[in-house]
>>> print(open('input-v9.cif').read())   # mmCIF, C-alpha atoms
data_model
loop_
_atom_site.label_atom_id
_atom_site.label_comp_id
_atom_site.auth_asym_id
_atom_site.auth_seq_id
_atom_site.Cartn_x
_atom_site.Cartn_y
_atom_site.Cartn_z
CA MET A 1340 -123.14 -167.27 -32.16
CA SER A 1341 -123.92 -167.32 -35.85
CA GLN A 1342 -127.57 -167.97 -35.05
CA ALA A 1343 -127.72 -164.89 -32.87
CA LEU A 1344 -126.12 -162.83 -35.65
CA ARG A 1345 -128.64 -164.11 -38.14
CA LEU A 1346 -131.49 -163.28 -35.79
CA THR A 1347 -130.26 -159.72 -35.33
CA ALA A 1348 -129.82 -159.32 -39.07
CA ILE A 1349 -133.37 -160.43 -39.74
CA THR A 1350 -134.74 -158.15 -37.04
CA ILE A 1351 -132.87 -155.20 -38.50
CA LEU A 1352 -134.17 -156.02 -41.98
CA PHE A 1353 -137.72 -156.11 -40.63
CA LEU A 1354 -137.25 -152.74 -38.98
CA LEU A 1355 -135.90 -151.32 -42.21
CA VAL A 1356 -138.90 -152.56 -44.17
CA LEU A 1357 -141.46 -151.38 -41.64
CA ASN A 1358 -139.99 -147.97 -41.13
CA PRO A 1359 -140.45 -146.37 -44.57
CA VAL A 1360 -144.12 -147.41 -44.40
CA SER A 1361 -144.71 -145.51 -41.17
CA LEU A 1362 -142.68 -142.56 -42.47
CA ALA A 1363 -144.77 -142.46 -45.64
CA ALA A 1364 -147.91 -142.42 -43.52
CA ASP A 1365 -146.52 -139.46 -41.58
CA ASN A 1366 -145.70 -137.58 -44.73
CA ALA A 1367 -149.11 -138.25 -46.25
CA GLN A 1368 -150.71 -136.07 -43.60
CA GLU A 1369 -148.96 -133.04 -44.97
CA ASP A 1370 -150.53 -131.29 -47.91
CA GLU A 1371 -147.59 -131.25 -50.24
CA PRO A 1372 -146.61 -134.60 -51.73
CA VAL A 1373 -143.42 -133.08 -53.05
CA ILE A 1374 -140.37 -135.25 -53.43
CA ASP A 1375 -137.30 -133.31 -52.49
CA VAL A 1376 -134.75 -134.62 -54.99
CA ILE A 1377 -132.10 -132.08 -54.12
CA GLY A 1378 -132.66 -132.63 -50.41
CA LYS A 1379 -131.59 -136.25 -50.88
CA VAL A 1380 -128.37 -135.19 -52.52
CA VAL A 1381 -127.06 -132.14 -50.68
CA ASP A 1382 -125.16 -131.97 -47.43
CA HIS A 1383 -127.02 -131.78 -44.13
CA ASP A 1384 -126.23 -130.62 -40.63
CA TYR A 1385 -127.58 -133.85 -39.17
CA LEU A 1386 -127.12 -137.59 -39.46
CA GLU A 1387 -130.24 -139.52 -40.25
CA LEU A 1388 -130.52 -142.50 -37.93
CA VAL A 1389 -132.56 -145.66 -38.16
CA GLY A 1390 -136.21 -144.71 -37.71
CA GLY A 1391 -135.85 -141.28 -39.26
CA ALA A 1392 -134.45 -139.76 -36.08
CA LYS A 1393 -131.96 -136.98 -36.60
CA LEU A 1394 -128.68 -136.58 -34.81
CA TYR A 1395 -127.65 -132.95 -35.13
CA LEU A 1396 -123.97 -132.33 -35.62
CA PRO A 1397 -121.83 -129.60 -34.08
CA ARG A 1398 -121.19 -126.32 -35.85
CA ILE A 1399 -117.79 -124.70 -35.59
CA PHE A 1400 -117.13 -121.18 -36.83
CA MET A 1401 -114.35 -118.68 -36.79
CA VAL A 1402 -115.27 -115.01 -36.91
CA ASN A 1403 -112.38 -112.54 -36.89
CA GLY A 1404 -110.05 -114.93 -35.09
CA GLU A 1405 -112.61 -115.93 -32.48
CA TRP A 1406 -113.86 -119.48 -32.36
CA TYR A 1407 -117.51 -120.36 -31.82
CA LEU A 1408 -118.58 -123.88 -31.01
CA PHE A 1409 -122.22 -124.96 -30.90
CA ALA A 1410 -123.77 -128.37 -30.31
CA ASN A 1411 -126.04 -127.94 -33.32
CA THR A 1412 -127.49 -125.39 -35.71
CA GLN A 1413 -130.50 -124.61 -33.51
CA SER A 1414 -128.40 -123.73 -30.48
CA ALA A 1415 -126.30 -121.46 -32.67
CA VAL A 1416 -129.44 -119.64 -33.79
CA ASP A 1417 -130.79 -119.54 -30.22
CA THR A 1418 -127.85 -117.49 -28.99
CA GLY A 1419 -128.99 -114.71 -31.29
CA GLU A 1420 -125.53 -114.24 -32.74
CA PHE A 1421 -126.25 -116.25 -35.89
CA GLU A 1422 -129.13 -116.51 -38.32
CA ARG A 1423 -130.02 -119.15 -40.84
CA ALA A 1424 -129.24 -118.31 -44.42
CA GLU A 1425 -132.09 -118.37 -46.93
CA GLU A 1426 -131.01 -121.67 -48.41
CA GLY A 1427 -128.38 -124.29 -47.78
CA LEU A 1428 -126.46 -125.00 -44.63
CA GLY A 1429 -124.93 -121.60 -44.20
CA LEU A 1430 -125.41 -119.39 -41.20
CA ILE A 1431 -124.91 -115.65 -41.21
CA ARG A 1432 -123.93 -113.34 -38.41
CA SER A 1433 -126.73 -111.23 -37.02
CA ASP A 1434 -124.46 -108.20 -36.77
CA GLY A 1435 -123.55 -108.41 -40.45
CA GLU A 1436 -119.98 -109.63 -40.04
CA THR A 1437 -118.81 -112.40 -42.33
CA ILE A 1438 -117.89 -115.82 -41.01
CA SER A 1439 -114.26 -116.23 -42.00
CA LEU A 1440 -114.06 -119.98 -41.51
CA ASP A 1441 -116.82 -122.55 -41.33
CA MET A 1442 -115.46 -125.82 -39.96
CA SER A 1443 -118.84 -127.34 -39.22
CA ILE A 1444 -119.13 -131.10 -39.16
CA THR A 1445 -121.69 -132.18 -41.72
CA SER A 1446 -123.25 -135.51 -42.67
CA HIS A 1447 -120.95 -135.93 -45.67
CA LEU A 1448 -117.89 -135.34 -43.52
CA MET A 1449 -119.14 -137.89 -40.98
CA TYR A 1450 -119.50 -140.51 -43.69
CA VAL A 1451 -116.01 -139.75 -45.00
CA TRP A 1452 -114.76 -140.44 -41.48
CA PHE A 1453 -116.75 -143.65 -41.27
CA GLY A 1454 -115.18 -144.83 -44.52
CA LEU A 1455 -111.68 -143.91 -43.38
CA ILE A 1456 -112.14 -145.51 -39.96
CA LEU A 1457 -113.38 -148.72 -41.55
CA THR A 1458 -110.43 -148.77 -43.95
CA LEU A 1459 -108.00 -148.10 -41.11
CA PHE A 1460 -109.58 -150.78 -38.97
CA ILE A 1461 -109.44 -153.42 -41.73
CA THR A 1462 -105.86 -152.67 -42.73
CA LEU A 1463 -104.61 -152.58 -39.14
CA TRP A 1464 -106.43 -155.81 -38.37
CA ALA A 1465 -104.89 -157.50 -41.41
CA SER A 1466 -101.39 -156.18 -40.73
CA ARG A 1467 -101.52 -157.48 -37.16
CA LYS A 1468 -102.48 -160.89 -38.49
CA TYR A 1469 -99.63 -160.94 -41.00
CA LYS A 1470 -97.14 -159.82 -38.35
CA LYS A 1471 -98.19 -162.77 -36.24
CA GLY A 1472 -97.31 -164.98 -39.19
CA VAL A 1473 -100.79 -166.03 -40.23
CA GLY A 1474 -100.77 -165.77 -44.00
CA ALA A 1475 -97.11 -164.83 -44.18
CA THR A 1476 -95.66 -168.21 -43.23
CA THR A 1477 -98.86 -170.24 -43.39
CA GLU A 1478 -101.93 -170.07 -45.55
CA PRO A 1479 -104.37 -167.23 -44.87
CA LYS A 1480 -107.05 -168.31 -42.42
CA GLY A 1481 -110.76 -167.65 -42.50
CA ILE A 1482 -113.09 -165.95 -44.93
CA SER A 1483 -112.21 -162.38 -44.00
CA GLN A 1484 -108.47 -162.78 -44.42
CA ASN A 1485 -108.91 -164.55 -47.74
CA LEU A 1486 -111.24 -161.82 -48.91
CA PHE A 1487 -108.74 -159.18 -47.83
CA GLU A 1488 -106.01 -160.98 -49.72
CA VAL A 1489 -108.11 -161.21 -52.89
CA PHE A 1490 -108.58 -157.44 -52.94
CA PHE A 1491 -105.02 -156.65 -51.96
CA VAL A 1492 -103.45 -158.96 -54.52
CA PHE A 1493 -105.81 -157.59 -57.15
CA ILE A 1494 -104.74 -154.01 -56.44
CA ARG A 1495 -101.07 -154.94 -56.27
CA ASP A 1496 -100.80 -157.20 -59.31
CA ASP A 1497 -103.47 -155.97 -61.68
CA ILE A 1498 -103.26 -152.26 -60.99
CA ALA A 1499 -99.98 -151.22 -59.37
CA LYS A 1500 -97.58 -153.65 -61.06
CA GLU A 1501 -99.32 -153.28 -64.39
CA TYR A 1502 -99.25 -149.49 -64.70
CA ILE A 1503 -96.37 -148.32 -62.51
CA PRO A 1504 -93.10 -149.37 -64.08
CA GLY A 1505 -90.31 -151.26 -62.38
CA ASP A 1506 -89.74 -151.50 -58.66
CA LYS A 1507 -91.45 -148.19 -57.99
CA HIS A 1508 -94.88 -149.71 -57.67
CA LYS A 1509 -94.07 -150.92 -54.14
CA LYS A 1510 -94.13 -147.36 -52.88
CA PHE A 1511 -97.65 -146.71 -54.15
CA VAL A 1512 -99.45 -149.97 -53.37
CA THR A 1513 -100.37 -148.70 -49.90
CA TYR A 1514 -101.94 -145.53 -51.25
CA LEU A 1515 -103.78 -147.29 -54.07
CA PHE A 1516 -105.15 -149.97 -51.77
CA SER A 1517 -106.32 -147.55 -49.11
CA VAL A 1518 -107.92 -145.21 -51.62
CA PHE A 1519 -109.70 -148.16 -53.21
CA MET A 1520 -111.04 -149.40 -49.89
CA ALA A 1521 -112.04 -145.94 -48.69
CA ILE A 1522 -113.89 -145.05 -51.90
CA SER A 1523 -115.60 -148.44 -51.97
CA PHE A 1524 -116.89 -147.95 -48.44
CA MET A 1525 -117.94 -144.36 -49.07
CA ASN A 1526 -119.84 -145.44 -52.18
CA LEU A 1527 -121.44 -148.44 -50.53
CA PHE A 1528 -122.66 -146.39 -47.56
CA GLY A 1529 -125.04 -144.79 -50.04
CA LEU A 1530 -126.85 -148.11 -50.41
CA LEU A 1531 -127.86 -148.16 -46.75
CA PRO A 1532 -131.40 -146.87 -46.14
CA TRP A 1533 -130.34 -143.82 -44.13
CA GLY A 1534 -126.82 -143.71 -45.39
CA VAL A 1535 -125.25 -141.03 -47.52
CA ALA A 1536 -123.03 -141.68 -50.52
CA THR A 1537 -120.55 -139.04 -49.56
CA THR A 1538 -118.74 -139.31 -52.90
CA ALA A 1539 -121.79 -137.62 -54.44
CA ASP A 1540 -120.28 -134.41 -53.08
CA LEU A 1541 -117.77 -132.64 -55.29
CA THR A 1542 -115.69 -131.43 -52.34
CA VAL A 1543 -115.04 -135.00 -51.20
CA THR A 1544 -114.02 -136.29 -54.62
CA ALA A 1545 -111.96 -133.16 -55.27
CA THR A 1546 -110.05 -133.79 -52.05
CA LEU A 1547 -109.36 -137.38 -53.08
CA ALA A 1548 -108.25 -136.27 -56.54
CA ALA A 1549 -106.04 -133.58 -55.00
CA ILE A 1550 -104.27 -136.25 -52.94
CA THR A 1551 -103.59 -138.21 -56.12
CA PHE A 1552 -102.40 -135.03 -57.82
CA PHE A 1553 -99.92 -134.17 -55.08
CA ILE A 1554 -98.60 -137.72 -54.85
CA THR A 1555 -98.15 -137.75 -58.62
CA GLN A 1556 -96.29 -134.45 -58.78
CA TRP A 1557 -94.20 -135.10 -55.68
CA ASN A 1558 -92.89 -138.38 -57.06
CA ALA A 1559 -92.59 -137.24 -60.66
CA SER A 1560 -89.28 -138.04 -62.32
CA LYS A 1561 -87.01 -135.57 -64.07
CA ASP A 1562 -88.23 -136.85 -67.39
CA HIS A 1563 -91.80 -135.96 -66.47
CA TRP A 1564 -90.89 -132.32 -65.88
CA GLU A 1565 -88.72 -132.32 -68.97
CA HIS A 1566 -91.77 -133.31 -70.98
CA VAL A 1567 -93.80 -130.55 -69.42
CA PHE A 1568 -91.32 -127.70 -69.91
CA MET A 1569 -88.55 -128.66 -72.33
CA PHE A 1570 -89.94 -130.95 -75.02
CA PRO A 1571 -86.84 -132.75 -76.22
CA GLY A 1572 -86.91 -133.25 -79.96
CA VAL A 1573 -89.30 -130.39 -80.61
CA HIS A 1574 -88.35 -127.00 -81.98
CA PRO A 1575 -87.86 -124.54 -79.07
CA ALA A 1576 -90.42 -122.11 -80.48
CA MET A 1577 -93.11 -124.74 -80.04
CA ARG A 1578 -92.68 -124.44 -76.27
CA ILE A 1579 -94.76 -121.26 -76.32
CA ILE A 1580 -97.79 -123.32 -77.31
CA LEU A 1581 -97.01 -126.69 -75.77
CA THR A 1582 -95.95 -125.65 -72.27
CA PRO A 1583 -99.30 -124.02 -71.36
CA VAL A 1584 -101.13 -126.99 -72.82
CA GLU A 1585 -99.05 -129.42 -70.78
CA ILE A 1586 -99.47 -127.39 -67.60
CA LEU A 1587 -103.20 -127.35 -68.22
CA GLY A 1588 -103.03 -131.10 -68.78
CA LEU A 1589 -101.53 -131.58 -65.31
CA PHE A 1590 -104.65 -130.10 -63.77
CA THR A 1591 -107.31 -131.55 -66.06
CA LYS A 1592 -106.34 -135.09 -65.06
CA PRO A 1593 -107.29 -134.80 -61.38
CA PHE A 1594 -110.24 -132.61 -62.35
CA ALA A 1595 -111.63 -135.34 -64.58
CA LEU A 1596 -110.92 -137.88 -61.83
CA ALA A 1597 -112.96 -135.87 -59.33
CA VAL A 1598 -115.88 -135.08 -61.61
CA ARG A 1599 -116.16 -138.64 -62.91
CA LEU A 1600 -116.62 -140.15 -59.46
CA PHE A 1601 -118.88 -137.31 -58.34
CA ALA A 1602 -121.12 -137.43 -61.42
CA ASN A 1603 -121.46 -141.20 -61.34
CA MET A 1604 -122.53 -141.34 -57.71
CA LEU A 1605 -124.79 -138.29 -58.00
CA SER A 1606 -126.55 -139.58 -61.11
CA GLY A 1607 -127.16 -142.95 -59.42
CA LYS A 1608 -128.83 -141.21 -56.51
CA ILE A 1609 -130.95 -138.90 -58.65
CA MET A 1610 -132.00 -141.78 -60.91
CA ILE A 1611 -133.43 -143.81 -58.03
CA VAL A 1612 -135.31 -140.87 -56.55
CA CYS A 1613 -136.68 -139.94 -59.99
CA VAL A 1614 -137.85 -143.45 -60.86
CA LEU A 1615 -139.59 -143.81 -57.51
CA GLY A 1616 -141.01 -140.33 -57.96
CA LEU A 1617 -142.75 -141.50 -61.14
CA ILE A 1618 -145.22 -143.35 -58.89
CA PHE A 1619 -146.33 -140.07 -57.35
CA ILE A 1620 -146.34 -138.25 -60.68
CA PHE A 1621 -148.55 -140.97 -62.18
CA THR A 1622 -150.89 -140.80 -59.18
CA ASP A 1623 -151.11 -137.06 -59.61
CA ILE A 1624 -151.97 -137.23 -63.32
CA PHE A 1625 -153.97 -140.45 -63.78
CA GLY A 1626 -155.35 -141.05 -60.31
CA PRO A 1627 -154.40 -143.46 -57.54
CA ALA A 1628 -155.40 -146.66 -59.34
CA VAL A 1629 -152.92 -146.20 -62.19
CA GLY A 1630 -150.29 -144.91 -59.81
CA LEU A 1631 -150.63 -147.88 -57.51
CA SER A 1632 -150.61 -150.49 -60.26
CA SER A 1633 -147.71 -148.90 -62.08
CA SER A 1634 -145.71 -148.91 -58.84
CA ILE A 1635 -145.01 -152.63 -59.31
CA PHE A 1636 -143.08 -151.75 -62.43
CA TRP A 1637 -141.22 -148.79 -60.93
CA VAL A 1638 -140.25 -150.65 -57.77
CA GLY A 1639 -138.89 -153.49 -59.91
CA LEU A 1640 -136.92 -151.00 -61.97
CA THR A 1641 -135.60 -149.40 -58.78
CA ALA A 1642 -134.44 -152.79 -57.53
CA LEU A 1643 -132.53 -153.28 -60.77
CA LEU A 1644 -131.05 -149.79 -60.52
CA TYR A 1645 -130.05 -150.57 -56.96
CA ILE A 1646 -128.10 -153.65 -58.07
CA LEU A 1647 -126.50 -151.55 -60.81
CA LYS A 1648 -125.58 -148.96 -58.19
CA ALA A 1649 -123.88 -151.58 -56.04
CA PHE A 1650 -121.86 -152.65 -59.06
CA ILE A 1651 -121.07 -149.04 -60.04
CA ALA A 1652 -119.90 -148.31 -56.50
CA LEU A 1653 -117.14 -150.91 -56.76
CA LEU A 1654 -116.44 -150.15 -60.43
CA GLN A 1655 -115.92 -146.44 -59.78
CA ALA A 1656 -113.59 -147.19 -56.89
CA TYR A 1657 -111.67 -149.47 -59.26
CA ILE A 1658 -111.57 -146.83 -62.00
CA PHE A 1659 -110.41 -144.13 -59.60
CA THR A 1660 -107.62 -146.40 -58.36
CA LEU A 1661 -106.72 -147.51 -61.87
CA LEU A 1662 -106.50 -143.97 -63.24
CA SER A 1663 -104.50 -142.86 -60.19
CA ALA A 1664 -102.08 -145.68 -60.92
CA VAL A 1665 -101.93 -144.71 -64.61
CA PHE A 1666 -101.20 -141.06 -63.79
CA ILE A 1667 -98.59 -141.94 -61.18
CA GLY A 1668 -97.04 -144.45 -63.58
CA MET A 1669 -96.83 -141.84 -66.33
CA ALA A 1670 -95.15 -139.37 -64.01
CA VAL A 1671 -92.59 -141.65 -62.36
CA GLU A 1672 -91.53 -143.32 -65.60
CA GLU A 1673 -87.93 -142.74 -66.58
CA HIS A 1674 -86.92 -142.75 -70.21
CA HIS A 1675 -83.58 -144.35 -70.82
CA HIS A 1676 -81.76 -141.51 -72.50
CA GLU A 1677 -83.34 -142.17 -75.83
CA HIS A 1678 -83.83 -138.46 -76.22
CA GLU A 1679 -80.27 -137.40 -76.91
CA SER A 1680 -80.23 -138.98 -80.32
CA LYS A 1681 -83.67 -137.59 -81.09
CA VAL A 1682 -82.65 -134.11 -79.98
CA ALA A 1683 -79.54 -134.29 -82.11
CA ALA A 1684 -81.55 -135.40 -85.10
CA ALA A 1685 -84.13 -132.70 -84.54
CA THR A 1686 -81.58 -129.90 -84.26
CA ASP A 1687 -79.87 -131.16 -87.41
CA VAL A 1688 -83.10 -130.79 -89.32
CA HIS A 1689 -83.87 -127.34 -88.01
CA VAL A 1690 -80.36 -125.97 -88.45
CA MET B 764 -136.19 -122.65 -71.75
CA GLY B 765 -133.86 -124.26 -69.27
CA PHE B 766 -135.97 -127.42 -69.28
CA LEU B 767 -135.91 -127.58 -73.09
CA ALA B 768 -132.14 -127.13 -73.15
CA ALA B 769 -131.65 -129.77 -70.48
CA GLY B 770 -133.87 -132.29 -72.23
CA LEU B 771 -132.26 -131.79 -75.62
CA GLY B 772 -128.82 -131.87 -74.06
CA ALA B 773 -129.49 -135.10 -72.22
CA GLY B 774 -130.70 -136.71 -75.44
CA ILE B 775 -127.64 -135.63 -77.40
CA ILE B 776 -125.36 -136.86 -74.61
CA ALA B 777 -127.08 -140.24 -74.67
CA ILE B 778 -126.54 -140.47 -78.45
CA GLY B 779 -122.87 -139.56 -78.19
CA ALA B 780 -122.11 -141.85 -75.27
CA GLY B 781 -124.09 -144.66 -76.86
CA ILE B 782 -122.13 -144.46 -80.09
CA GLY B 783 -118.84 -144.28 -78.21
CA ILE B 784 -119.45 -147.17 -75.85
CA GLY B 785 -121.03 -149.20 -78.64
CA MET B 786 -117.89 -148.84 -80.72
CA ILE B 787 -115.71 -149.88 -77.80
CA GLY B 788 -117.90 -152.90 -77.14
CA LYS B 789 -117.92 -153.86 -80.81
CA SER B 790 -114.16 -153.78 -81.21
CA ALA B 791 -113.59 -155.44 -77.85
CA VAL B 792 -115.89 -158.35 -78.68
CA GLU B 793 -114.30 -158.66 -82.12
CA SER B 794 -110.81 -158.76 -80.64
CA ILE B 795 -111.84 -161.29 -78.00
CA ALA B 796 -113.34 -163.48 -80.73
CA ARG B 797 -110.11 -163.23 -82.69
CA GLN B 798 -107.86 -163.81 -79.70
CA PRO B 799 -109.76 -165.46 -76.84
CA GLU B 800 -106.56 -165.90 -74.80
CA ALA B 801 -106.18 -162.10 -74.49
CA ALA B 802 -109.73 -161.66 -73.16
CA GLY B 803 -108.60 -160.46 -69.72
CA ASP B 804 -106.35 -157.69 -71.04
CA ILE B 805 -108.92 -156.57 -73.57
CA ARG B 806 -111.61 -156.40 -70.92
CA GLY B 807 -109.43 -154.20 -68.74
CA ALA B 808 -108.69 -151.83 -71.60
CA MET B 809 -112.37 -151.79 -72.53
CA ILE B 810 -113.50 -150.78 -69.04
CA LEU B 811 -110.83 -148.09 -68.88
CA THR B 812 -111.84 -146.56 -72.21
CA ALA B 813 -115.53 -146.81 -71.41
CA ALA B 814 -114.84 -144.98 -68.16
CA PHE B 815 -113.32 -142.08 -70.09
CA ILE B 816 -116.37 -141.81 -72.33
CA GLU B 817 -118.68 -142.14 -69.37
CA GLY B 818 -116.84 -139.34 -67.62
CA VAL B 819 -117.33 -136.97 -70.55
CA ALA B 820 -121.00 -137.96 -70.85
CA LEU B 821 -121.56 -137.36 -67.16
CA PHE B 822 -119.99 -133.89 -67.38
CA GLY B 823 -122.79 -133.12 -69.81
CA ALA B 824 -125.40 -134.83 -67.68
CA ILE B 825 -124.45 -132.73 -64.67
CA VAL B 826 -124.72 -129.54 -66.73
CA CYS B 827 -128.19 -130.67 -67.84
CA ALA B 828 -129.21 -131.38 -64.27
CA LEU B 829 -128.02 -127.95 -63.18
CA LEU B 830 -130.01 -126.37 -66.04
CA ALA B 831 -133.17 -128.29 -65.21
CA LEU B 832 -132.98 -127.72 -61.48
CA ASN B 833 -132.13 -124.06 -61.93
CA ILE B 834 -129.13 -124.08 -59.65
CA THR B 835 -126.68 -121.25 -59.98
CA VAL B 836 -123.21 -122.36 -59.07
#
>>> encode(input="input-v9.cif", output="structure tokens")
Amino acid sequence: MSQALRLTAITILFLLVLNPVSLAADNAQEDEPVIDVIGKVVDHDYLELVGGAKLYLPRIFMVNGEWYLFANTQSAVDTGEFERAEEGLGLIRSDGETISLDMSITSHLMYVWFGLILTLFITLWASRKYKKGVGATTEPKGISQNLFEVFFVFIRDDIAKEYIPGDKHKKFVTYLFSVFMAISFMNLFGLLPWGVATTADLTVTATLAAITFFITQWNASKDHWEHVFMFPGVHPAMRIILTPVEILGLFTKPFALAVRLFANMLSGKIMIVCVLGLIFIFTDIFGPAVGLSSSIFWVGLTALLYILKAFIALLQAYIFTLLSAVFIGMAVEEHHHEHESKVAAATDVHV
Amino acid sequence: MGFLAAGLGAGIIAIGAGIGIGMIGKSAVESIARQPEAAGDIRGAMILTAAFIEGVALFGAIVCALLALNITV
């Protein structure tokens, strides 16, 4: 069994190595040796499969309350009702009407689903095992369950218990663990040859940050809101300045959360494409001999960057989870009526 | 002009982030040397603070990339 697995793995690896070579040969026939950096980063209407084949994804539109469903972009254009926009994924109506809702399934969305499905699968698999008693009454069995437990205990003890005070952390462990797993998978998909790091899209990270934001505000304690609007111990006139600042602060936290993850993953992608692109730039300027010999250096550097990217993928998932826990912890914290004395003291001073 | 701005901006970002993360690393290593038993806690705090600095630096980096690639958002 394990031998068969190993054999398949090696075959797949061989295919992966051989394929870029043949693709490069195909591209060389075209006149423009342009590397499309942005094309590697933006959303597409297809999934790239092993071998460079493209699986086109369905497009779903709503125009004035009417739904349109097409198997792919080309079939939408073929009907004559839609036209391709000048750039990007967008389609425009031929008769000039605006598309009110574009619910098209894109490659980034597909990879979000892959990440979520994998997370769901792993957690359901583990929970079934624990319900059976393996790990709950006995020791955890096998590599996968032990690995699962390492991650889970890490999230629970080092993140949730550490930053969310008291018994309240139990409520949030599930969210923190699932968001950690999902972001890890979404980041790591970007390391696959035809995979897409879907977290290099601001809409994806913004959605994740918005979930954290709503969970934080929904579970916020009375003291949290008191600190936003009332400011115990501060002169009432100061509220004019402090309340807007605090309200702004509520929104900058998830904003920073989203942009941090997005920028990290995007810069990793662009870095690799740029470093590999140096080979072609050198060939263009100094001729093929210099380009070819310098490629040893650039490929080595890319390999190092790749390892760094794998590390960053897990680190950013950790940081997202950690900061979510910190924000939730700050919001659910209850102060033990230490304010009354402070308020009294403050009013004494001001009166 | 956009290229010049992007290049200069990226350099300044690198300086700022380098100073910031260097200072974190310096004080973290010093504190670990002084109190080796607290190494785990210090490392956690170090990564968290470095992440904040990195976030700010990457805001700038993204702006530079948008300038250089001439994308209008």
>>> resolve_selection(input="input-v9.cif", expression="the PyMOL selection byres ((chain B) within 7 of (chain A))", output="ChimeraX atom specification")
/B:818,821,825
>>> residues_around(input="input-v9.cif", residues="Asp1434 of chain A", least_positions_apart="4", cutoff="10 Å", atoms="all atoms listed in the file", output="number ranges by chain")
A: 1419-1422
>>> resolve_selection(input="input-v9.cif", expression="the PyMOL selection byres ((chain B and resi 833) around 12)", output="list in words")
Ile1377 of chain A; Met764, Gly765, Phe766, Ala768, Ala769, Ile825, Val826, Cys827, Ala828, Leu829, Leu830, Ala831, Leu832, Ile834, Thr835 and Val836 of chain B
>>> closest_residue(input="input-v9.cif", among="B:Leu767, B:Ala813, B:Ala801, B:Ala773", to="Gly785 of chain B", atoms="only C-alpha atoms")
B:Ala813
>>> resolve_selection(input="input-v9.cif", expression="the PyMOL selection byres ((chain B and resi 791) around 12)", output="list in words")
Ile784, Gly785, Met786, Ile787, Gly788, Lys789, Ser790, Val792, Glu793, Ser794, Ile795, Ala796, Arg797, Gln798, Pro799, Ala801, Ala802, Gly803, Asp804, Ile805, Arg806, Gly807, Ala808, Met809, Ile810, Leu811, Thr812 and Ala813 of chain B
>>> atom_distance(input="input-v9.cif", atom1="atom CA of Lys1648 of chain A", atom2="atom CA of Phe1666 of chain A")
26.2 Å
>>> atom_distance(input="input-v9.cif", atom1="atom CA of Leu1547 of chain A", atom2="atom CA of Phe1568 of chain A")
26.5 Å
>>> residues_around(input="input-v9.cif", residues="Ala780 of chain B", least_positions_apart="4", cutoff="8 Å", atoms="all atoms listed in the file", output="PyMOL selection string")
chain B and resi 776+784+816-817+820
>>> atom_distance(input="input-v9.cif", atom1="atom CA of Lys1561 of chain A", atom2="atom CA of Ile1579 of chain A")
20.4 Å
>>> residues_around(input="input-v9.cif", residues="segment 1585-1590 of chain A", least_positions_apart="6", cutoff="12 Å", atoms="all atoms listed in the file", output="list in words")
Ala1545, Ala1548, Ala1549, Thr1551, Phe1552, Phe1553, Thr1555, Gln1556, Ala1559, His1563, Trp1564, Glu1565, His1566, Val1567, Phe1568, Met1569, Phe1570, Met1577, Arg1578, Ile1579, Leu1596, Ala1597, Phe1666, Ile1667, Met1669 and Ala1670 of chain A
>>> residues_near_point(input="input-v9.cif", point="(-125.7, -119.9, -41.6)", cutoff="10 Å", atoms="only C-alpha atoms", output="PyMOL selection string")
chain A and resi 1398+1400+1412+1415-1416+1421-1433+1438+1441
>>> residues_around(input="input-v9.cif", residues="Ala1652 of chain A", least_positions_apart="3", cutoff="9 Å", atoms="only C-alpha atoms", output="ChimeraX atom specification")
/A:1522-1527,1529,1603-1604,1647-1649,1655-1657
